[in-house]
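*Asks:* Take this structure, written in structure tokens, and hold onto it; I'll ask about it next.
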Amino acid sequence: MAAALSAQVCIVGGGPAGLTLALELARRGIEVVVVEQSAHFDRSFRGESISPDSVWLLRELGILDKVRADTLETRRMEIGDAGRIVLDADFSGFDQPCRYPMELPQPPLLNALAEEASALPSFRMVRRAKAVRLLTEGSRVTGVVGQLPEGPTEIRAGLTVAADGRFSKVREMSGLPYTKIPLERDFVWFKAPMPQEWDLHTYRVRILGSRHGLFIPTVPDMVRIGFNIPKGGLRELRKEGIGALHRRIDELAPEAGPGVREHVTDWSDTSMLDIFTTVVPDWSRQGLVLIGDAAHTLTPVLGQGVNHAIIDAVTLAPLVAGAFGGSGTDARLDSATKEFQRLREAAVARARALQLRQERAFALTSPVAAAVRRTAYRTVSASPLLRRRILSGVYYQLQQAVRDGGIRLDLAPRPGSPTRAGGQHS
Ligand SMILES: Cc1cc2nc3c(=O)[nH]c(=O)nc-3n(C[C@H](O)[C@H](O)[C@H](O)COP(=O)(O)OP(=O)(O)OC[C@H]3O[C@@H](n4cnc5c(N)ncnc54)[C@H](O)[C@@H]3O)c2cc1C
């Protein structure tokens, strides 16, 4: 049995949601323990496309400068359908503090967040610790049991936060009901050299009937490629050998074919994403709250997973920090977690609805439906107003709402900084 720990807040999961929350709480002097099952942040293909609103938040949190060398700006998005470009969107015209989506692999992002938080006395992270059981007193969650290499340990806390991702074990243990909605496709990811005729700043989507691929430039000069397969269809595809993958790329983007052949020679060079979305009606129970993917797993369309994870964290932190102190903390924490869901769920629902519409458009098979899809993309492409409306709804919601005064961002003061980060926009 390892020594027991206690903190005001115990966060299970050191991903983008958990570490951003931990940083924002520790900057406010709240004692926080992050329980992370992995010994390192090496993870590929996960959450590398960051939405402009999160780029802006990372800038306001003082993290962007620390990771800048590992980023690539996406300045244009191009959708090709049946060999023709049907949508061309340039992000340079958006008048926002951060207008470009960014490619940023998770290891540098998580390392920067952890390094920044580790400098604060009230932050602690326990690695190689897997939350395996919830501690409860009556109906209230009072912490978790973490399984460490040296044995189990109890981590007691006023608030336990499930930031443990799309397969959240804490959500499972909490008994909070949820619905997992599998989508019709899974996704195969890999990286390959950038074709010579492509530039480093254009995000490409290629569609052919019901097949589609994403071709996303990635740091430093590769392209991250993902293509859809029918749900559970990987085993069938693998049986055909790696040539099946090469042929798929030849169909969607022949210019990427030679690089893919050279670089992806075995299925072990690929990674599979099981695509589903999760709807959780209640994100909290007494003493416990879910955030990020644990509360709302999204699909990979338009890089919204990390975005909503980070926005969750900066929304929840001031509410939780304000609840501590004096008597009645438990009741205030429970109100804070309810308020958090009230503030966040409409934006998450909008992102999910847009992603599901996009998923349906990608899955259209009949020639007539595919022609309608092409017309829809061309209409959007030809109308600056429509393009602006759609992209603003996905990429610039937060920056715009803060500018309009609809949302007041309450970020913690950074050490050594006399002003509140983000204050100029409040
Ligand atoms: C292949 C793939 C590609 C993706 N691409 C993108 C993209 O381009 N853009 C985008 O925005 N999103 C993308 N996503 C989604 C994105 O990764 C998530 O939305 C985002 O990481 C959610 O952050 P989170 O902190 O909520 O959870 P996670 O990032 O999943 O972090 C959860 C953490 O909890 C830890 N953990 C889990 N269980 C336990 C436990 N029992 N005890 C202790 N620790 C535990 C895990 O080790 C992990 O560190 C992708 C996802 C996948 C799988």
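Chain labels run A, B, ... following the order of the structure tokens; each chain numbers its residues from 1, and ligands are numbered from 1 in the order shown.
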Ligand 1: which residues are within 6 Å, counting only C-alpha atoms and all ligand atoms, as a PDB file with N, CA and C atoms, in the first residue's frame?
*Replies:*
ATOM      1  N   VAL A  12      -8.453  12.971 -12.390  1.00  0.00           N
ATOM      2  CA  VAL A  12      -8.008  11.714 -12.993  1.00  0.00           C
ATOM      3  C   VAL A  12      -7.815  11.955 -14.486  1.00  0.00           C
ATOM      4  N   GLY A  13      -6.562  11.865 -14.943  1.00  0.00           N
ATOM      5  CA  GLY A  13      -6.270  12.042 -16.365  1.00  0.00           C
ATOM      6  C   GLY A  13      -5.471  13.305 -16.632  1.00  0.00           C
ATOM      7  N   GLY A  14      -4.268  13.106 -17.155  1.00  0.00           N
ATOM      8  CA  GLY A  14      -3.398  14.244 -17.500  1.00  0.00           C
ATOM      9  C   GLY A  14      -3.374  14.465 -18.996  1.00  0.00           C
ATOM     10  N   GLY A  15      -4.554  14.579 -19.607  1.00  0.00           N
ATOM     11  CA  GLY A  15      -4.664  14.963 -21.018  1.00  0.00           C
ATOM     12  C   GLY A  15      -4.866  16.478 -21.092  1.00  0.00           C
ATOM     13  N   PRO A  16      -5.283  16.998 -22.260  1.00  0.00           N
ATOM     14  CA  PRO A  16      -5.483  18.451 -22.377  1.00  0.00           C
ATOM     15  C   PRO A  16      -6.477  19.002 -21.355  1.00  0.00           C
ATOM     16  N   ALA A  17      -7.570  18.276 -21.105  1.00  0.00           N
ATOM     17  CA  ALA A  17      -8.573  18.789 -20.155  1.00  0.00           C
ATOM     18  C   ALA A  17      -8.006  18.802 -18.735  1.00  0.00           C
ATOM     19  N   GLY A  18      -7.452  17.662 -18.307  1.00  0.00           N
ATOM     20  CA  GLY A  18      -6.994  17.539 -16.920  1.00  0.00           C
ATOM     21  C   GLY A  18      -5.848  18.481 -16.601  1.00  0.00           C
ATOM     22  N   VAL A  35      -3.864  12.437 -11.292  1.00  0.00           N
ATOM     23  CA  VAL A  35      -3.580  11.001 -11.267  1.00  0.00           C
ATOM     24  C   VAL A  35      -3.534  10.544 -12.724  1.00  0.00           C
ATOM     25  N   GLU A  36      -2.366  10.165 -13.196  1.00  0.00           N
ATOM     26  CA  GLU A  36      -2.213   9.833 -14.627  1.00  0.00           C
ATOM     27  C   GLU A  36      -1.638   8.424 -14.757  1.00  0.00           C
ATOM     28  N   GLN A  37      -2.319   7.605 -15.534  1.00  0.00           N
ATOM     29  CA  GLN A  37      -1.895   6.196 -15.623  1.00  0.00           C
ATOM     30  C   GLN A  37      -0.600   5.999 -16.406  1.00  0.00           C
ATOM     31  N   SER A  38      -0.323   6.935 -17.319  1.00  0.00           N
ATOM     32  CA  SER A  38       0.841   6.736 -18.178  1.00  0.00           C
ATOM     33  C   SER A  38       2.091   7.382 -17.564  1.00  0.00           C
ATOM     34  N   PHE A  45      -1.023  10.903 -33.080  1.00  0.00           N
ATOM     35  CA  PHE A  45      -2.296  11.018 -33.812  1.00  0.00           C
ATOM     36  C   PHE A  45      -3.428  11.551 -32.962  1.00  0.00           C
ATOM     37  N   ARG A  46      -3.182  11.889 -31.702  1.00  0.00           N
ATOM     38  CA  ARG A  46      -4.304  12.280 -30.868  1.00  0.00           C
ATOM     39  C   ARG A  46      -4.353  13.779 -30.724  1.00  0.00           C
ATOM     40  N   GLY A  47      -5.462  14.345 -31.127  1.00  0.00           N
ATOM     41  CA  GLY A  47      -5.690  15.751 -30.862  1.00  0.00           C
ATOM     42  C   GLY A  47      -4.597  16.651 -31.370  1.00  0.00           C
ATOM     43  N   GLU A  48      -4.221  16.477 -32.629  1.00  0.00           N
ATOM     44  CA  GLU A  48      -3.135  17.306 -33.145  1.00  0.00           C
ATOM     45  C   GLU A  48      -3.644  18.569 -33.834  1.00  0.00           C
ATOM     46  N   SER A  49      -4.901  18.544 -34.304  1.00  0.00           N
ATOM     47  CA  SER A  49      -5.460  19.753 -34.932  1.00  0.00           C
ATOM     48  C   SER A  49      -6.163  20.568 -33.857  1.00  0.00           C
ATOM     49  N   ILE A  50      -5.688  21.781 -33.676  1.00  0.00           N
ATOM     50  CA  ILE A  50      -6.231  22.606 -32.600  1.00  0.00           C
ATOM     51  C   ILE A  50      -7.026  23.749 -33.216  1.00  0.00           C
ATOM     52  N   ALA A 129      -0.238   5.922 -12.229  1.00  0.00           N
ATOM     53  CA  ALA A 129      -1.273   5.700 -11.218  1.00  0.00           C
ATOM     54  C   ALA A 129      -2.610   5.616 -11.931  1.00  0.00           C
ATOM     55  N   LYS A 130      -3.237   4.482 -11.825  1.00  0.00           N
ATOM     56  CA  LYS A 130      -4.501   4.287 -12.528  1.00  0.00           C
ATOM     57  C   LYS A 130      -5.650   4.314 -11.521  1.00  0.00           C
ATOM     58  N   ALA A 131      -6.625   5.165 -11.764  1.00  0.00           N
ATOM     59  CA  ALA A 131      -7.785   5.212 -10.860  1.00  0.00           C
ATOM     60  C   ALA A 131      -8.589   3.935 -11.057  1.00  0.00           C
ATOM     61  N   VAL A 132      -8.768   3.182  -9.985  1.00  0.00           N
ATOM     62  CA  VAL A 132      -9.454   1.895 -10.131  1.00  0.00           C
ATOM     63  C   VAL A 132     -10.744   1.811  -9.316  1.00  0.00           C
ATOM     64  N   ALA A 163     -11.229  13.360 -15.931  1.00  0.00           N
ATOM     65  CA  ALA A 163     -10.699  13.920 -17.190  1.00  0.00           C
ATOM     66  C   ALA A 163      -9.964  12.778 -17.880  1.00  0.00           C
ATOM     67  N   ASP A 164     -10.547  11.587 -17.790  1.00  0.00           N
ATOM     68  CA  ASP A 164      -9.836  10.389 -18.241  1.00  0.00           C
ATOM     69  C   ASP A 164     -10.278   9.901 -19.616  1.00  0.00           C
ATOM     70  N   GLY A 165     -10.807  10.831 -20.418  1.00  0.00           N
ATOM     71  CA  GLY A 165     -10.917  10.556 -21.842  1.00  0.00           C
ATOM     72  C   GLY A 165     -12.129   9.769 -22.299  1.00  0.00           C
ATOM     73  N   ARG A 166     -12.078   9.389 -23.578  1.00  0.00           N
ATOM     74  CA  ARG A 166     -13.243   8.832 -24.276  1.00  0.00           C
ATOM     75  C   ARG A 166     -13.710   7.487 -23.718  1.00  0.00           C
ATOM     76  N   SER A 168     -13.628   6.751 -20.482  1.00  0.00           N
ATOM     77  CA  SER A 168     -13.555   7.093 -19.047  1.00  0.00           C
ATOM     78  C   SER A 168     -14.004   5.977 -18.088  1.00  0.00           C
ATOM     79  N   LYS A 169     -13.053   5.530 -17.309  1.00  0.00           N
ATOM     80  CA  LYS A 169     -13.322   4.511 -16.290  1.00  0.00           C
ATOM     81  C   LYS A 169     -14.051   5.167 -15.108  1.00  0.00           C
ATOM     82  N   LEU A 273      -8.816   4.772 -35.258  1.00  0.00           N
ATOM     83  CA  LEU A 273      -9.707   5.523 -34.361  1.00  0.00           C
ATOM     84  C   LEU A 273     -11.125   4.995 -34.525  1.00  0.00           C
ATOM     85  N   GLY A 292     -14.097  17.281 -20.577  1.00  0.00           N
ATOM     86  CA  GLY A 292     -13.418  16.815 -21.797  1.00  0.00           C
ATOM     87  C   GLY A 292     -14.138  15.616 -22.396  1.00  0.00           C
ATOM     88  N   ASP A 293     -13.347  14.737 -23.005  1.00  0.00           N
ATOM     89  CA  ASP A 293     -13.934  13.568 -23.678  1.00  0.00           C
ATOM     90  C   ASP A 293     -14.779  12.705 -22.739  1.00  0.00           C
ATOM     91  N   ALA A 294     -14.470  12.702 -21.459  1.00  0.00           N
ATOM     92  CA  ALA A 294     -15.250  11.888 -20.514  1.00  0.00           C
ATOM     93  C   ALA A 294     -16.695  12.383 -20.466  1.00  0.00           C
ATOM     94  N   PRO A 300     -13.542  13.257 -34.999  1.00  0.00           N
ATOM     95  CA  PRO A 300     -12.358  14.051 -35.375  1.00  0.00           C
ATOM     96  C   PRO A 300     -12.641  15.233 -36.319  1.00  0.00           C
ATOM     97  N   GLY A 303     -11.333  19.223 -35.685  1.00  0.00           N
ATOM     98  CA  GLY A 303     -10.508  19.396 -34.486  1.00  0.00           C
ATOM     99  C   GLY A 303     -11.237  19.989 -33.289  1.00  0.00           C
ATOM    100  N   GLN A 304     -12.341  19.369 -32.888  1.00  0.00           N
ATOM    101  CA  GLN A 304     -13.122  19.952 -31.799  1.00  0.00           C
ATOM    102  C   GLN A 304     -12.894  19.295 -30.435  1.00  0.00           C
ATOM    103  N   GLY A 305     -12.264  18.105 -30.411  1.00  0.00           N
ATOM    104  CA  GLY A 305     -12.089  17.383 -29.141  1.00  0.00           C
ATOM    105  C   GLY A 305     -11.225  18.148 -28.160  1.00  0.00           C
ATOM    106  N   VAL A 306     -10.047  18.535 -28.599  1.00  0.00           N
ATOM    107  CA  VAL A 306      -9.129  19.262 -27.720  1.00  0.00           C
ATOM    108  C   VAL A 306      -9.716  20.636 -27.387  1.00  0.00           C
ATOM    109  N   ASN A 307     -10.347  21.243 -28.391  1.00  0.00           N
ATOM    110  CA  ASN A 307     -10.939  22.566 -28.193  1.00  0.00           C
ATOM    111  C   ASN A 307     -11.912  22.555 -27.015  1.00  0.00           C
ATOM    112  N   ALA A 309     -12.225  20.316 -24.725  1.00  0.00           N
ATOM    113  CA  ALA A 309     -11.557  19.886 -23.484  1.00  0.00           C
ATOM    114  C   ALA A 309     -10.933  21.107 -22.791  1.00  0.00           C
TER     115      ALA A 309
END
*Asks:* Using DSSP secondary structure from the backbone, list all helix (DSSP H, G or I) positions within region 140-203 of chain A, as a ChimeraX atom specification.
*Replies:* /A:169-174
*Asks:* Can you check which residues of region 33-242 of chain A DSSP gives as strand (DSSP E) on the backbone and send them as JSON, numbers by chain?
*Replies:* {"A": [33, 34, 35, 49, 50, 72, 73, 76, 77, 78, 79, 80, 81, 84, 85, 86, 87, 88, 89, 90, 102, 103, 123, 124, 125, 126, 130, 131, 132, 133, 134, 135, 136, 137, 140, 141, 142, 143, 144, 145, 146, 147, 148, 151, 152, 153, 154, 155, 156, 157, 158, 159, 160, 161, 162, 179, 180, 181, 182, 183, 184, 185, 186, 187, 188, 189, 190, 191, 192, 193, 202, 203, 204, 205, 206, 207, 208, 211, 212, 213, 214, 215, 216, 217, 218, 222, 223, 224, 225, 226, 227, 228, 229, 230]}
*Asks:* Tell me which of A:Ala26, A:Ala117, A:Leu200, A:Met173 sits closest to Glu103 (chain A), counting only C-alpha atoms.
*Replies:*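 Of the candidates, the smallest distance to Glu103 (chain A) is held by A:Leu200.
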*Asks:* Of the candidates A:Ala353, A:Ile207, A:Gly232, A:Thr265, which one gets nearest to Val279 (chain A) if we count only C-alpha atoms?
*Replies:*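 With only C-alpha atoms as the atom set, the closest residue is A:Ala353.
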*Asks:* Let me make sure I understand: among A:His212, A:His40, A:His308, A:Arg124, which one has the smallest atom-to-atom distance to Val55 (chain A) if we use only C-alpha atoms?
*Replies:* A:His308
*Asks:* Nearest to Pro52 (chain A) among A:Ala412, A:Val394, A:Ile11, A:Leu252, with distances taken over only C-alpha atoms: which residue is it?
*Replies:*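 The answer is A:Val394, which sits nearest to Pro52 (chain A).
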*Asks:* At a cut-off of 8 Å, using only C-alpha atoms, what residues contact Thr153 (chain A)? Leave out same-chain residues fewer than 4 positions from it and give the result as a list in words.
*Replies:*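 Everything that qualifies: Met1, Ala2, Ala3, Ala4, Leu5, Val145, Gly146, Gln147 and Leu148 of chain A.
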*Asks:* Restricting the output to all heavy atoms, write the selected residues as a PDB file, in the first residue's frame.
*Replies:*
ATOM      1  N   MET A   1       0.850  -1.205   0.000  1.00  0.00           N
ATOM      2  CA  MET A   1       0.000   0.000   0.000  1.00  0.00           C
ATOM      3  C   MET A   1       0.880   1.248   0.000  1.00  0.00           C
ATOM      4  O   MET A   1       1.752   1.395   0.845  1.00  0.00           O
ATOM      5  CB  MET A   1      -0.887  -0.043   1.257  1.00  0.00           C
ATOM      6  CG  MET A   1      -1.912   1.059   1.313  1.00  0.00           C
ATOM      7  SD  MET A   1      -3.419   0.540   0.467  1.00  0.00           S
ATOM      8  CE  MET A   1      -4.568   1.753   1.017  1.00  0.00           C
ATOM      9  N   ALA A   2       0.683   2.142  -0.986  1.00  0.00           N
ATOM     10  CA  ALA A   2       1.451   3.392  -1.031  1.00  0.00           C
ATOM     11  C   ALA A   2       0.813   4.406  -0.072  1.00  0.00           C
ATOM     12  O   ALA A   2      -0.337   4.248   0.323  1.00  0.00           O
ATOM     13  CB  ALA A   2       1.449   3.925  -2.453  1.00  0.00           C
ATOM     14  N   ALA A   3       1.592   5.447   0.293  1.00  0.00           N
ATOM     15  CA  ALA A   3       1.085   6.449   1.243  1.00  0.00           C
ATOM     16  C   ALA A   3      -0.142   7.152   0.680  1.00  0.00           C
ATOM     17  O   ALA A   3      -0.192   7.450  -0.522  1.00  0.00           O
ATOM     18  CB  ALA A   3       2.189   7.465   1.524  1.00  0.00           C
ATOM     19  N   ALA A   4      -1.130   7.406   1.538  1.00  0.00           N
ATOM     20  CA  ALA A   4      -2.358   8.081   1.086  1.00  0.00           C
ATOM     21  C   ALA A   4      -2.061   9.559   0.797  1.00  0.00           C
ATOM     22  O   ALA A   4      -1.129  10.135   1.345  1.00  0.00           O
ATOM     23  CB  ALA A   4      -3.425   7.964   2.158  1.00  0.00           C
ATOM     24  N   LEU A   5      -2.859  10.134  -0.098  1.00  0.00           N
ATOM     25  CA  LEU A   5      -2.685  11.542  -0.457  1.00  0.00           C
ATOM     26  C   LEU A   5      -4.014  12.261  -0.233  1.00  0.00           C
ATOM     27  O   LEU A   5      -5.077  11.627  -0.257  1.00  0.00           O
ATOM     28  CB  LEU A   5      -2.347  11.671  -1.948  1.00  0.00           C
ATOM     29  CG  LEU A   5      -1.029  11.101  -2.443  1.00  0.00           C
ATOM     30  CD1 LEU A   5      -0.998  11.153  -3.970  1.00  0.00           C
ATOM     31  CD2 LEU A   5       0.124  11.919  -1.860  1.00  0.00           C
ATOM     32  N   VAL A 145      -9.246   5.531  -5.522  1.00  0.00           N
ATOM     33  CA  VAL A 145      -8.121   4.649  -5.199  1.00  0.00           C
ATOM     34  C   VAL A 145      -7.292   4.559  -6.468  1.00  0.00           C
ATOM     35  O   VAL A 145      -7.822   4.247  -7.546  1.00  0.00           O
ATOM     36  CB  VAL A 145      -8.600   3.245  -4.773  1.00  0.00           C
ATOM     37  CG1 VAL A 145      -7.414   2.310  -4.588  1.00  0.00           C
ATOM     38  CG2 VAL A 145      -9.433   3.335  -3.503  1.00  0.00           C
ATOM     39  N   GLY A 146      -6.014   4.897  -6.351  1.00  0.00           N
ATOM     40  CA  GLY A 146      -5.119   4.804  -7.501  1.00  0.00           C
ATOM     41  C   GLY A 146      -4.238   3.570  -7.374  1.00  0.00           C
ATOM     42  O   GLY A 146      -3.741   3.280  -6.282  1.00  0.00           O
ATOM     43  N   GLN A 147      -4.093   2.858  -8.482  1.00  0.00           N
ATOM     44  CA  GLN A 147      -3.191   1.693  -8.480  1.00  0.00           C
ATOM     45  C   GLN A 147      -1.832   2.158  -8.972  1.00  0.00           C
ATOM     46  O   GLN A 147      -1.673   2.539 -10.133  1.00  0.00           O
ATOM     47  CB  GLN A 147      -3.771   0.599  -9.383  1.00  0.00           C
ATOM     48  CG  GLN A 147      -2.995  -0.698  -9.392  1.00  0.00           C
ATOM     49  CD  GLN A 147      -3.007  -1.375  -8.013  1.00  0.00           C
ATOM     50  OE1 GLN A 147      -4.048  -1.485  -7.375  1.00  0.00           O
ATOM     51  NE2 GLN A 147      -1.836  -1.807  -7.547  1.00  0.00           N
ATOM     52  N   LEU A 148      -0.843   2.147  -8.072  1.00  0.00           N
ATOM     53  CA  LEU A 148       0.526   2.550  -8.417  1.00  0.00           C
ATOM     54  C   LEU A 148       1.392   1.303  -8.515  1.00  0.00           C
ATOM     55  O   LEU A 148       1.009   0.248  -7.991  1.00  0.00           O
ATOM     56  CB  LEU A 148       1.101   3.474  -7.334  1.00  0.00           C
ATOM     57  CG  LEU A 148       0.708   4.947  -7.386  1.00  0.00           C
ATOM     58  CD1 LEU A 148      -0.731   5.164  -6.969  1.00  0.00           C
ATOM     59  CD2 LEU A 148       1.627   5.768  -6.486  1.00  0.00           C
TER      60      LEU A 148
END
*Asks:* Of the candidates A:Gly175, A:Ala7, A:Ser268, A:Gln341, which one gets nearest to Gly143 (chain A) if we count only C-alpha atoms?
*Replies:*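 Once distances to Gly143 (chain A) are computed over only C-alpha atoms, the minimum belongs to A:Ala7.
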*Asks:* I'd like the neighbourhood of Pro121 (chain A) as a PDB file with C-alpha atoms, in the first residue's frame, where a residue qualifies if any of its atoms comes within 12 Å (using only C-alpha atoms), though same-chain residues fewer than 4 positions away should be ignored.
*Replies:*
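Once written, part-v6.pdb looks like this:
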ATOM      1  CA  ALA A  22      -4.844  21.585 -12.960  1.00  0.00           C
ATOM      2  CA  LEU A  23      -2.795  24.559 -14.160  1.00  0.00           C
ATOM      3  CA  LEU A  25      -6.510  25.687 -10.289  1.00  0.00           C
ATOM      4  CA  ALA A  26      -2.890  25.637  -9.110  1.00  0.00           C
ATOM      5  CA  ARG A  27      -2.441  29.220 -10.348  1.00  0.00           C
ATOM      6  CA  ARG A  28      -5.292  30.108  -7.995  1.00  0.00           C
ATOM      7  CA  GLY A  29      -3.570  28.345  -5.120  1.00  0.00           C
ATOM      8  CA  ILE A  30      -5.929  25.353  -5.056  1.00  0.00           C
ATOM      9  CA  GLU A  31      -4.223  22.106  -4.018  1.00  0.00           C
ATOM     10  CA  VAL A  32      -4.563  19.740  -6.916  1.00  0.00           C
ATOM     11  CA  VAL A  33      -3.365  16.196  -7.598  1.00  0.00           C
ATOM     12  CA  GLU A 116       4.178  25.166 -16.152  1.00  0.00           C
ATOM     13  CA  ALA A 117       1.987  23.598 -13.465  1.00  0.00           C
ATOM     14  CA  MET A 125       1.075  14.830 -10.532  1.00  0.00           C
ATOM     15  CA  PRO A 415       2.906  34.008 -11.938  1.00  0.00           C
TER      16      PRO A 415
END
*Asks:* From the list A:Pro258, A:Gly93, A:Gly287, A:Pro101, which residue is nearest Ser139 (chain A) when using only C-alpha atoms?
*Replies:*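 The shortest atom-to-atom distance to Ser139 (chain A) comes from A:Gly287.
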*Asks:* For CA of Ser92 (chain A) and CA of Pro193 (chain A), determine how far apart the two atoms are, in Å to one decimal place.
*Replies:*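 That distance, rounded to one decimal, is 25.9 Å.
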*Asks:* Would you work out the distance separating CA of Ala114 (chain A) from CA of Val144 (chain A), expressed in Å to one decimal?
*Replies:*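 Value for the CA of Ala114 (chain A)-CA of Val144 (chain A) distance: 21.1 Å.
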